[in-house]
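Colleague: So that you have it, the file is start39.cif, and it contains mmCIF, C-alpha atoms:
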data_run
loop_
_atom_site.label_atom_id
_atom_site.label_comp_id
_atom_site.auth_asym_id
_atom_site.auth_seq_id
_atom_site.Cartn_x
_atom_site.Cartn_y
_atom_site.Cartn_z
CA MET A 1 -84.57 -13.89 61.79
CA ASP A 2 -80.80 -14.41 61.39
CA LYS A 3 -79.19 -17.39 59.68
CA LYS A 4 -78.41 -19.32 62.87
CA GLU A 5 -81.93 -18.91 64.23
CA PHE A 6 -83.36 -19.98 60.86
CA ILE A 7 -81.25 -23.16 60.77
CA ALA A 8 -82.04 -23.99 64.41
CA GLN A 9 -85.77 -23.51 63.85
CA ARG A 10 -85.81 -25.71 60.75
CA MET A 11 -83.78 -28.45 62.49
CA ILE A 12 -86.27 -28.50 65.38
CA VAL A 13 -89.18 -28.70 62.92
CA ILE A 14 -87.58 -31.62 61.05
CA LEU A 15 -86.70 -33.41 64.30
CA ILE A 16 -90.27 -33.14 65.62
CA ALA A 17 -91.64 -34.35 62.27
CA PHE A 18 -89.36 -37.40 62.26
CA VAL A 19 -90.25 -38.20 65.85
CA THR A 20 -93.92 -38.06 64.85
CA GLY A 21 -93.26 -40.51 62.03
CA PHE A 22 -91.27 -42.85 64.26
CA VAL A 23 -94.05 -42.88 66.85
CA ILE A 24 -96.48 -43.95 64.13
CA ILE A 25 -94.05 -46.67 63.01
CA PHE A 26 -93.88 -47.94 66.61
CA LEU A 27 -97.68 -48.08 66.73
CA THR A 28 -98.14 -49.84 63.39
CA SER A 29 -95.05 -51.99 62.79
CA THR A 30 -94.50 -55.47 64.20
CA ALA A 31 -90.72 -54.83 64.20
CA PRO A 32 -90.40 -51.07 64.74
CA PHE A 33 -86.63 -50.88 65.29
CA GLU A 34 -85.90 -52.84 62.11
CA SER A 35 -88.44 -50.68 60.24
CA ILE A 36 -86.85 -47.43 61.42
CA LYS A 37 -83.39 -48.74 60.53
CA ALA A 38 -84.60 -49.64 57.03
CA PHE A 39 -86.32 -46.25 56.69
CA MET A 40 -83.14 -44.35 57.52
CA SER A 41 -80.57 -46.52 55.75
CA VAL A 42 -82.05 -48.14 52.62
CA PRO A 43 -82.04 -44.96 50.45
CA PHE A 44 -78.25 -44.79 50.92
CA SER A 45 -77.56 -48.52 50.66
CA ASN A 46 -76.64 -48.67 46.95
CA THR A 47 -76.50 -46.60 43.77
CA TYR A 48 -79.97 -47.68 42.66
CA PHE A 49 -81.80 -46.36 45.73
CA PHE A 50 -79.57 -43.31 46.14
CA GLY A 51 -79.87 -42.43 42.44
CA ASN A 52 -83.65 -42.68 42.63
CA LEU A 53 -83.61 -40.44 45.70
CA LEU A 54 -81.75 -37.76 43.71
CA ALA A 55 -84.08 -38.30 40.74
CA THR A 56 -87.07 -37.63 43.00
CA MET A 57 -85.35 -34.46 44.19
CA VAL A 58 -85.07 -32.91 40.69
CA PRO A 59 -88.73 -31.94 40.12
CA LEU A 60 -89.00 -30.82 43.76
CA ILE A 61 -86.09 -28.41 43.23
CA LEU A 62 -87.82 -26.89 40.20
CA THR A 63 -91.27 -26.61 41.78
CA GLY A 64 -89.62 -25.30 44.96
CA LEU A 65 -87.91 -22.59 42.91
CA ALA A 66 -91.22 -21.83 41.20
CA ALA A 67 -92.92 -21.26 44.54
CA SER A 68 -89.96 -19.33 45.96
CA ILE A 69 -89.87 -16.60 43.33
CA ALA A 70 -93.61 -16.01 43.63
CA PHE A 71 -93.55 -15.96 47.44
CA LYS A 72 -90.50 -13.68 47.39
CA SER A 73 -92.63 -10.98 45.75
CA ASN A 74 -95.45 -11.69 48.24
CA GLU A 75 -97.55 -13.35 45.54
CA PHE A 76 -99.14 -16.76 46.00
CA ASN A 77 -98.92 -19.10 43.04
CA LEU A 78 -101.02 -22.10 44.05
CA GLY A 79 -101.31 -23.36 40.48
CA ILE A 80 -97.82 -24.88 40.28
CA GLU A 81 -99.24 -28.41 40.10
CA GLY A 82 -101.25 -27.55 36.97
CA GLN A 83 -98.44 -25.49 35.42
CA PHE A 84 -96.01 -28.39 35.90
CA TYR A 85 -98.44 -30.80 34.23
CA TRP A 86 -99.37 -28.38 31.43
CA GLY A 87 -95.71 -27.56 30.70
CA ALA A 88 -94.95 -31.28 30.46
CA LEU A 89 -97.78 -31.71 27.93
CA ALA A 90 -96.64 -28.76 25.80
CA GLY A 91 -93.04 -29.96 25.75
CA THR A 92 -94.07 -33.55 24.97
CA ALA A 93 -96.18 -32.34 22.04
CA ILE A 94 -93.17 -30.51 20.61
CA LEU A 95 -90.89 -33.53 21.07
CA LEU A 96 -93.34 -35.80 19.26
CA PHE A 97 -94.05 -33.26 16.52
CA MET A 98 -90.31 -32.76 15.88
CA LYS A 99 -89.27 -36.38 16.45
CA GLU A 100 -87.41 -36.53 13.14
CA SER A 101 -85.30 -33.48 14.02
CA SER A 102 -81.96 -33.37 15.78
CA PRO A 103 -82.01 -33.56 19.61
CA VAL A 104 -79.65 -30.56 19.67
CA LEU A 105 -82.51 -28.47 18.24
CA THR A 106 -85.60 -30.25 19.53
CA VAL A 107 -84.80 -30.60 23.24
CA PRO A 108 -84.00 -26.87 23.78
CA VAL A 109 -87.15 -25.92 21.85
CA ALA A 110 -89.22 -28.24 24.05
CA LEU A 111 -87.70 -26.69 27.20
CA VAL A 112 -88.51 -23.17 25.96
CA VAL A 113 -92.06 -24.11 24.94
CA SER A 114 -92.70 -25.78 28.32
CA ALA A 115 -91.40 -22.71 30.12
CA ALA A 116 -93.59 -20.44 28.00
CA ALA A 117 -96.66 -22.65 28.53
CA GLY A 118 -96.28 -22.66 32.31
CA GLY A 119 -95.31 -18.99 32.46
CA MET A 120 -98.26 -17.77 30.41
CA MET A 121 -100.74 -19.66 32.55
CA ALA A 122 -99.24 -18.21 35.75
CA SER A 123 -99.16 -14.69 34.29
CA VAL A 124 -102.92 -14.83 33.70
CA SER A 125 -103.32 -14.53 37.48
CA ALA A 126 -100.97 -11.53 37.51
CA LEU A 127 -103.01 -9.91 34.75
CA LEU A 128 -106.29 -10.50 36.59
CA LYS A 129 -104.81 -8.98 39.74
CA SER A 130 -103.44 -5.88 38.00
CA LYS A 131 -106.63 -5.21 35.97
CA TRP A 132 -109.42 -6.17 38.37
CA ASN A 133 -107.66 -6.82 41.68
CA VAL A 134 -108.58 -10.52 41.58
CA SER A 135 -106.70 -12.45 44.27
CA GLU A 136 -103.87 -14.37 42.62
CA LEU A 137 -104.20 -17.02 45.33
CA ILE A 138 -107.71 -17.93 44.17
CA SER A 139 -107.19 -17.43 40.44
CA SER A 140 -103.93 -19.42 40.29
CA LEU A 141 -105.52 -22.27 42.26
CA LEU A 142 -108.58 -22.43 39.97
CA ILE A 143 -106.56 -22.08 36.76
CA GLY A 144 -104.12 -24.72 37.98
CA TYR A 145 -106.89 -27.25 38.60
CA SER A 146 -108.42 -26.42 35.21
CA LEU A 147 -105.08 -27.09 33.51
CA ILE A 148 -104.99 -30.58 35.03
CA TYR A 149 -108.36 -31.45 33.49
CA ILE A 150 -107.50 -29.82 30.15
CA THR A 151 -104.24 -31.78 30.02
CA ASP A 152 -106.10 -35.01 30.79
CA PHE A 153 -108.47 -34.22 27.91
CA PHE A 154 -105.57 -34.10 25.46
CA LEU A 155 -104.02 -37.26 26.89
CA GLU A 156 -107.28 -39.16 26.63
CA GLY A 157 -108.01 -37.81 23.14
CA PRO A 158 -105.68 -36.32 20.51
CA MET A 159 -102.41 -37.48 22.12
CA LEU A 160 -103.51 -40.91 23.35
CA ASP A 161 -101.29 -43.84 22.41
CA LYS A 162 -103.81 -46.68 22.12
CA ASN A 163 -101.08 -49.30 22.03
CA SER A 164 -99.40 -48.34 25.30
CA GLY A 165 -101.91 -49.93 27.70
CA LEU A 166 -101.89 -46.67 29.68
CA ILE A 167 -103.52 -43.28 29.38
CA SER A 168 -100.43 -41.73 27.91
CA SER A 169 -98.82 -40.17 24.89
CA GLN A 170 -96.49 -41.98 22.53
CA ALA A 171 -93.01 -42.67 23.83
CA ILE A 172 -90.41 -39.94 23.42
CA PRO A 173 -87.67 -40.96 20.94
CA GLN A 174 -84.81 -42.44 22.91
CA ASN A 175 -82.22 -40.08 21.43
CA PHE A 176 -84.12 -37.15 23.01
CA MET A 177 -83.90 -38.56 26.54
CA PHE A 178 -81.38 -37.16 29.02
CA ALA A 179 -78.30 -39.26 29.72
CA ARG A 180 -78.58 -41.49 32.80
CA ILE A 181 -76.35 -41.06 35.84
CA LEU A 182 -75.78 -43.79 38.44
CA PRO A 183 -77.44 -46.58 36.45
CA PRO A 184 -79.62 -48.57 36.94
CA SER A 185 -81.35 -45.74 38.84
CA ASN A 186 -83.60 -43.14 37.18
CA LEU A 187 -81.21 -40.26 37.86
CA SER A 188 -80.49 -38.28 34.70
CA ALA A 189 -78.66 -35.18 33.51
CA GLY A 190 -81.81 -33.25 34.36
CA LEU A 191 -80.20 -32.85 37.80
CA PHE A 192 -77.67 -30.44 36.26
CA ILE A 193 -80.45 -28.37 34.69
CA ALA A 194 -82.13 -28.09 38.09
CA LEU A 195 -78.89 -27.12 39.85
CA GLY A 196 -78.07 -24.63 37.08
CA LEU A 197 -81.46 -22.94 37.52
CA VAL A 198 -80.88 -22.80 41.29
CA LEU A 199 -77.64 -20.89 40.68
CA LEU A 200 -79.27 -18.65 38.07
CA LEU A 201 -82.18 -17.77 40.35
CA HIS A 202 -79.79 -17.19 43.26
CA LEU A 203 -77.89 -14.66 41.17
CA LEU A 204 -81.13 -13.02 40.05
CA LEU A 205 -82.76 -12.76 43.48
CA GLU A 206 -79.77 -12.32 45.79
CA LYS A 207 -77.21 -10.52 43.63
CA GLY A 208 -79.13 -8.69 40.89
CA THR A 209 -81.00 -5.38 40.96
CA TYR A 210 -84.23 -7.06 39.91
CA GLY A 211 -84.04 -9.33 42.93
CA LEU A 212 -83.76 -6.20 45.06
CA LYS A 213 -86.94 -4.86 43.46
CA ILE A 214 -88.76 -8.11 44.18
CA ALA A 215 -87.55 -8.07 47.80
CA PHE A 216 -88.64 -4.44 48.28
CA TYR A 217 -92.03 -5.11 46.76
CA GLY A 218 -92.50 -8.31 48.72
CA GLU A 219 -91.69 -6.62 52.03
CA ASN A 220 -93.69 -3.44 51.50
CA SER A 221 -95.53 -2.79 48.23
CA ARG A 222 -96.46 0.77 49.22
CA PHE A 223 -92.88 1.73 49.95
CA ALA A 224 -91.77 0.06 46.71
CA LYS A 225 -94.26 2.19 44.77
CA TYR A 226 -93.05 5.29 46.61
CA ILE A 227 -89.43 4.76 45.49
CA GLY A 228 -90.50 4.21 41.88
CA ILE A 229 -90.78 0.41 41.54
CA ASN A 230 -93.47 -0.66 39.09
CA GLY A 231 -95.45 -3.12 41.21
CA LYS A 232 -97.54 -4.48 38.32
CA HIS A 233 -94.37 -5.28 36.37
CA VAL A 234 -92.80 -7.03 39.37
CA VAL A 235 -95.92 -9.14 39.93
CA PHE A 236 -96.20 -10.08 36.25
CA VAL A 237 -92.53 -11.06 35.86
CA SER A 238 -92.34 -13.00 39.14
CA MET A 239 -95.53 -14.94 38.35
CA PHE A 240 -94.36 -15.64 34.79
CA LEU A 241 -90.98 -16.90 36.03
CA SER A 242 -92.73 -19.00 38.66
CA GLY A 243 -94.93 -20.70 36.06
CA ALA A 244 -91.99 -21.05 33.66
CA LEU A 245 -89.92 -22.91 36.26
CA ALA A 246 -92.86 -25.20 36.95
CA GLY A 247 -93.28 -25.88 33.22
CA VAL A 248 -89.57 -26.67 32.83
CA GLY A 249 -89.86 -29.03 35.78
CA GLY A 250 -92.57 -30.96 33.94
CA ILE A 251 -90.62 -31.54 30.74
CA VAL A 252 -87.37 -32.28 32.64
CA GLU A 253 -89.22 -35.05 34.46
CA ILE A 254 -90.49 -36.43 31.13
CA LEU A 255 -87.05 -36.35 29.51
CA GLY A 256 -85.24 -37.58 32.60
CA THR A 257 -87.48 -40.29 34.00
CA GLN A 258 -90.91 -40.90 32.44
CA GLY A 259 -90.08 -41.20 28.73
CA ARG A 260 -93.69 -40.36 27.83
CA MET A 261 -96.52 -38.21 29.17
CA ILE A 262 -98.54 -40.40 31.53
CA ARG A 263 -101.79 -39.27 33.10
CA SER A 264 -101.37 -37.97 36.68
CA PHE A 265 -97.62 -38.67 36.74
CA SER A 266 -97.07 -35.31 38.43
CA ALA A 267 -99.52 -35.66 41.34
CA GLY A 268 -98.08 -33.96 44.42
CA TYR A 269 -95.06 -32.23 42.88
CA GLY A 270 -96.66 -28.78 42.93
CA TRP A 271 -97.85 -28.89 46.53
CA ASN A 272 -94.61 -30.45 47.75
CA GLY A 273 -92.76 -27.69 45.90
CA ILE A 274 -94.68 -25.11 47.94
CA ALA A 275 -93.66 -26.92 51.13
CA VAL A 276 -90.04 -26.98 49.93
CA ALA A 277 -90.14 -23.21 49.35
CA LEU A 278 -91.55 -22.61 52.83
CA ILE A 279 -88.83 -24.72 54.45
CA ALA A 280 -86.18 -22.89 52.38
CA ARG A 281 -87.71 -19.51 53.31
CA ASN A 282 -87.77 -18.70 49.59
CA HIS A 283 -83.98 -18.78 49.30
CA PRO A 284 -82.91 -20.59 46.09
CA LEU A 285 -79.83 -22.26 47.59
CA TRP A 286 -81.81 -23.58 50.56
CA VAL A 287 -84.26 -25.17 48.14
CA ILE A 288 -81.70 -27.91 47.47
CA PRO A 289 -81.54 -29.37 51.03
CA ALA A 290 -85.30 -28.83 51.47
CA ALA A 291 -85.98 -30.77 48.26
CA PHE A 292 -83.51 -33.44 49.36
CA LEU A 293 -85.45 -33.84 52.63
CA PHE A 294 -88.77 -34.38 50.86
CA ALA A 295 -87.17 -36.68 48.28
CA PHE A 296 -85.58 -38.69 51.10
CA LEU A 297 -88.95 -39.12 52.80
CA GLU A 298 -90.54 -40.36 49.57
CA SER A 299 -87.66 -42.70 48.73
CA ALA A 300 -87.23 -43.98 52.27
CA ALA A 301 -90.91 -44.84 52.66
CA PHE A 302 -91.04 -46.62 49.30
CA ALA A 303 -87.73 -48.48 49.65
CA SER A 304 -88.25 -49.51 53.27
CA SER A 305 -91.74 -50.83 52.46
CA ILE A 306 -89.93 -53.51 50.45
CA PHE A 307 -87.66 -54.58 53.33
CA ALA A 308 -89.92 -53.88 56.32
CA ASP A 309 -93.61 -53.65 57.15
CA ILE A 310 -93.86 -49.89 56.56
CA THR A 311 -96.50 -48.43 54.28
CA PRO A 312 -95.31 -45.74 51.83
CA GLU A 313 -97.90 -43.38 53.32
CA ILE A 314 -95.63 -42.83 56.33
CA SER A 315 -93.74 -40.26 54.23
CA LYS A 316 -96.97 -38.27 53.81
CA VAL A 317 -97.41 -38.15 57.58
CA ILE A 318 -93.90 -36.75 58.12
CA GLN A 319 -94.28 -34.32 55.20
CA ALA A 320 -97.58 -33.11 56.63
CA ALA A 321 -95.97 -32.59 60.03
CA VAL A 322 -93.11 -30.60 58.46
CA PHE A 323 -95.56 -28.49 56.46
CA PHE A 324 -97.75 -27.80 59.50
CA LEU A 325 -94.85 -26.90 61.79
CA VAL A 326 -93.14 -24.66 59.21
CA THR A 327 -96.41 -22.87 58.47
CA ALA A 328 -97.05 -22.40 62.19
CA SER A 329 -93.55 -20.99 62.74
CA LEU A 330 -93.97 -18.56 59.83
CA TRP A 331 -97.30 -17.37 61.23
CA LYS A 332 -95.74 -16.91 64.65
CA ASN A 333 -92.81 -14.91 63.20
CA LYS A 334 -95.13 -12.69 61.18
CA ARG A 335 -97.28 -12.10 64.25
CA LYS A 336 -94.20 -11.04 66.23
CA LYS A 337 -93.12 -8.74 63.38
CA GLY A 338 -96.61 -7.20 63.30
#
What does the file become when written as structure tokens?
Modeller:
Amino acid sequence: MDKKEFIAQRMIVILIAFVTGFVIIFLTSTAPFESIKAFMSVPFSNTYFFGNLLATMVPLILTGLAASIAFKSNEFNLGIEGQFYWGALAGTAILLFMKESSPVLTVPVALVVSAAAGGMMASVSALLKSKWNVSELISSLLIGYSLIYITDFFLEGPMLDKNSGLISSQAIPQNFMFARILPPSNLSAGLFIALGLVLLLHLLLEKGTYGLKIAFYGENSRFAKYIGINGKHVVFVSMFLSGALAGVGGIVEILGTQGRMIRSFSAGYGWNGIAVALIARNHPLWVIPAAFLFAFLESAAFASSIFADITPEISKVIQAAVFFLVTASLWKNKRKKG
């Protein structure tokens, strides 16, 4: 599929999904035209709503990148949700343990630890596949769900802040938090970390020799083995990087928006990241507009529910339609290729 065909296909998918959402608004809203106008315009109406839209986009960029690098090598990391959550916990633990240290030291250490925590959990699936040919799709999914429950155990036990009124950790020291952009919105300097990782992954996958190895292996693992590419190494590294990006996404969200580790704060980021990667066709640069689309749907549904009689769940309907149509188009393209 060439670039023009790819863009045209994605635009048709998005258009059909929005039409589906608007039909539902017409069926459920007492003032459908006002509701649609609010849905489309409120997120851009002031710096607060627009900043929050961009803040919602940040974790979606990172989970979208996490899914993209795994899918690029024809591996299926379905544990991104758990790796995101687990990485956030690991980084939060470091920040609280080193709270008396300088932010210049502590924040980078927390980012590295979160990346390592997410990466190691994802690489377990690669190890199981290389040793015993266990499907990484199943193992990553099961390990990811297990990580959610293990993380909740720590939040409800050793890391619980009994004075917070929530199931959460203690608050992160304010001097560790990322600087805010477009106040009073939640947008932080974490946006620049996300964009920097997009550029870095673009250079790795599209310009570097290792990206060529991943592409060869993802397209045809037998041919890749024939020309001397170590398939086990490619799988391990791509899965580790996938989990690492998810883990970084977790701690960036804590330092940029949450300010503490709150139970279930990450619900949906992993699965939406997979949808973002599918829309972007695993291309790092296309992850940005795909993440913006999903962030817009979330922000528009929430913001317009304040000014019109729309329920926030309308965004889930449109997201589901996008996901279904993109998946169907990918299946159709693969069937034609076969």
Colleague: Pick out the residues sitting within 10 Å of region 273-284 of chain A, and hand them over as number ranges by chain; count all atoms listed in the file, and ignore anything fewer than 2 positions along from it in its own chain.
Modeller: A: 6-7, 9-10, 13-14, 59-73, 76-78, 80-81, 195, 197-206, 246, 268-271, 286-294, 319-320, 322-327, 330
Colleague: Which residue gives the smallest distance to Pro108 (chain A) among A:Leu89, A:Phe26, A:Ser135, A:Phe178, with only C-alpha atoms counted?
Modeller: A:Phe178
Colleague: Please provide as a PyMOL selection string all residues within 12 Å of Tyr217 (chain A), with the sequence filter that same-chain residues fewer than 5 positions apart are discarded (counting all atoms listed in the file).
Modeller: chain A and resi 70-75+210-212+222-235+238
Colleague: By how many Å are CA of Phe302 (chain A) and CA of Ile24 (chain A) apart?
Modeller: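 Value for the CA of Phe302 (chain A)-CA of Ile24 (chain A) distance: 16.0 Å.
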Colleague: Distance CA of Ala308 (chain A)-CA of Ala31 (chain A), one decimal place?
Modeller: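 Distance between the two atoms: 8.0 Å.
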Colleague: Which one of A:Leu142, A:Leu137, A:Val252, A:Val107 sits closest to Phe192 (chain A) if you count all atoms listed in the file?
Modeller: A:Val252
Colleague: Return as a ChimeraX atom specification the set of residues that the PyMOL selection byres ((chain A and resi 128) around 12) yields on the displayed structure.
Modeller: /A:121-127,129-140,143,232,235-236,239
Colleague: Would you save the residues from that selection as an mmCIF file, keeping the file's coordinate frame, using C-alpha atoms?
Modeller:
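Result saved to again.cif:
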data_model
loop_
_atom_site.group_PDB
_atom_site.id
_atom_site.type_symbol
_atom_site.label_atom_id
_atom_site.label_comp_id
_atom_site.auth_asym_id
_atom_site.auth_seq_id
_atom_site.Cartn_x
_atom_site.Cartn_y
_atom_site.Cartn_z
ATOM 1 C CA MET A 121 -100.740 -19.660 32.550
ATOM 2 C CA ALA A 122 -99.240 -18.210 35.750
ATOM 3 C CA SER A 123 -99.160 -14.690 34.290
ATOM 4 C CA VAL A 124 -102.920 -14.830 33.700
ATOM 5 C CA SER A 125 -103.320 -14.530 37.480
ATOM 6 C CA ALA A 126 -100.970 -11.530 37.510
ATOM 7 C CA LEU A 127 -103.010 -9.910 34.750
ATOM 8 C CA LYS A 129 -104.810 -8.980 39.740
ATOM 9 C CA SER A 130 -103.440 -5.880 38.000
ATOM 10 C CA LYS A 131 -106.630 -5.210 35.970
ATOM 11 C CA TRP A 132 -109.420 -6.170 38.370
ATOM 12 C CA ASN A 133 -107.660 -6.820 41.680
ATOM 13 C CA VAL A 134 -108.580 -10.520 41.580
ATOM 14 C CA SER A 135 -106.700 -12.450 44.270
ATOM 15 C CA GLU A 136 -103.870 -14.370 42.620
ATOM 16 C CA LEU A 137 -104.200 -17.020 45.330
ATOM 17 C CA ILE A 138 -107.710 -17.930 44.170
ATOM 18 C CA SER A 139 -107.190 -17.430 40.440
ATOM 19 C CA SER A 140 -103.930 -19.420 40.290
ATOM 20 C CA ILE A 143 -106.560 -22.080 36.760
ATOM 21 C CA LYS A 232 -97.540 -4.480 38.320
ATOM 22 C CA VAL A 235 -95.920 -9.140 39.930
ATOM 23 C CA PHE A 236 -96.200 -10.080 36.250
ATOM 24 C CA MET A 239 -95.530 -14.940 38.350
#
Colleague: What's the 10 Å shell around Thr92 (chain A), counting only C-alpha atoms, without same-chain residues fewer than 4 positions away, as a list of chain:residue names?
Modeller: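 So, after excluding close chain neighbours, the residues are A:Trp86, A:Gly87, A:Ala88, A:Leu96, A:Phe97, A:Met98, A:Val107, A:Ala110, A:Leu111, A:Val113, A:Ser114, A:Met159, A:Ser169, A:Gln170, A:Ala171, A:Ile172, A:Gly250, A:Ile251, A:Ile254, A:Leu255, A:Gly259, A:Arg260, A:Met261.
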Colleague: Translate the PyMOL selection byres ((chain A and resi 316) around 10) into a concrete residue list for this structure, as a PDB file with C-alpha atoms, keeping the file's coordinate frame.
Modeller:
ATOM      1  CA  GLY A  21     -93.260 -40.510  62.030  1.00  0.00           C
ATOM      2  CA  PHE A 294     -88.770 -34.380  50.860  1.00  0.00           C
ATOM      3  CA  LEU A 297     -88.950 -39.120  52.800  1.00  0.00           C
ATOM      4  CA  GLU A 298     -90.540 -40.360  49.570  1.00  0.00           C
ATOM      5  CA  ALA A 301     -90.910 -44.840  52.660  1.00  0.00           C
ATOM      6  CA  PRO A 312     -95.310 -45.740  51.830  1.00  0.00           C
ATOM      7  CA  GLU A 313     -97.900 -43.380  53.320  1.00  0.00           C
ATOM      8  CA  ILE A 314     -95.630 -42.830  56.330  1.00  0.00           C
ATOM      9  CA  SER A 315     -93.740 -40.260  54.230  1.00  0.00           C
ATOM     10  CA  VAL A 317     -97.410 -38.150  57.580  1.00  0.00           C
ATOM     11  CA  ILE A 318     -93.900 -36.750  58.120  1.00  0.00           C
ATOM     12  CA  GLN A 319     -94.280 -34.320  55.200  1.00  0.00           C
ATOM     13  CA  ALA A 320     -97.580 -33.110  56.630  1.00  0.00           C
ATOM     14  CA  ALA A 321     -95.970 -32.590  60.030  1.00  0.00           C
ATOM     15  CA  VAL A 322     -93.110 -30.600  58.460  1.00  0.00           C
TER      16      VAL A 322
END
Colleague: Fewer than 4 positions away in the same chain doesn't count, so skip those; otherwise give me all residues within 12 Å of Glu156 (chain A), counting only C-alpha atoms, as a ChimeraX atom specification.
Modeller: /A:149-152,160-162,166-170,261-264
Colleague: Choose the residue, out of A:Ala8, A:Ile36, A:Val58, A:Ile306, that has the smallest atom-to-atom separation from Gly196 (chain A); count all atoms listed in the file.
Modeller: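 With all atoms listed in the file as the atom set, the closest residue is A:Val58.
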Colleague: A:Pro43, A:Pro173, A:Gly82, A:Gly157: which is nearest Pro103 (chain A), counting all atoms listed in the file?
Modeller: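 The shortest atom-to-atom distance to Pro103 (chain A) comes from A:Pro173.
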Colleague: Could you list, as an MDAnalysis selection string, every residue within 6 Å of Ala295 (chain A), counting all atoms listed in the file and ignoring same-chain residues fewer than 5 positions away?
Modeller: chainID A and resid 53 56:57
Colleague: In Å, rounded to a single decimal, give me how far CA of Val112 (chain A) is from CA of Gly243 (chain A).
Modeller: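 It comes out at 12.2 Å.
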Colleague: Give me region 212-226 of chain A from this structure - N, CA and C atoms, as a CSV table (one decimal), in the first residue's frame.
Modeller:
chain,number,residue,atom,x,y,z
A,212,LEU,N,16.1,-2.1,9.8
A,212,LEU,CA,16.0,-2.9,8.6
A,212,LEU,C,15.9,-4.4,9.0
A,213,LYS,N,16.7,-4.8,10.1
A,213,LYS,CA,16.6,-6.2,10.5
A,213,LYS,C,15.2,-6.5,11.0
A,214,ILE,N,14.6,-5.6,11.8
A,214,ILE,CA,13.3,-5.8,12.3
A,214,ILE,C,12.3,-5.9,11.2
A,215,ALA,N,12.4,-5.0,10.2
A,215,ALA,CA,11.5,-5.0,9.0
A,215,ALA,C,11.6,-6.3,8.3
A,216,PHE,N,12.8,-6.8,8.0
A,216,PHE,CA,13.0,-8.1,7.3
A,216,PHE,C,12.4,-9.2,8.1
A,217,TYR,N,12.7,-9.2,9.4
A,217,TYR,CA,12.1,-10.3,10.2
A,217,TYR,C,10.6,-10.3,10.3
A,218,GLY,N,10.1,-9.1,10.4
A,218,GLY,CA,8.6,-8.9,10.5
A,218,GLY,C,7.9,-9.3,9.2
A,219,GLU,N,8.6,-9.1,8.1
A,219,GLU,CA,7.9,-9.4,6.8
A,219,GLU,C,8.1,-10.9,6.5
A,220,ASN,N,9.2,-11.5,6.8
A,220,ASN,CA,9.5,-12.9,6.5
A,220,ASN,C,10.6,-13.4,7.4
A,221,SER,N,10.2,-14.1,8.4
A,221,SER,CA,11.2,-14.6,9.4
A,221,SER,C,12.1,-15.6,8.8
A,222,ARG,N,11.6,-16.5,7.9
A,222,ARG,CA,12.5,-17.5,7.3
A,222,ARG,C,13.5,-16.9,6.4
A,223,PHE,N,13.1,-15.9,5.6
A,223,PHE,CA,14.1,-15.2,4.8
A,223,PHE,C,15.2,-14.5,5.6
A,224,ALA,N,14.7,-13.8,6.7
A,224,ALA,CA,15.6,-13.1,7.6
A,224,ALA,C,16.7,-14.1,8.2
A,225,LYS,N,16.2,-15.3,8.6
A,225,LYS,CA,17.2,-16.3,9.1
A,225,LYS,C,18.1,-16.7,8.0
A,226,TYR,N,17.6,-16.8,6.8
A,226,TYR,CA,18.5,-17.2,5.6
A,226,TYR,C,19.6,-16.3,5.4
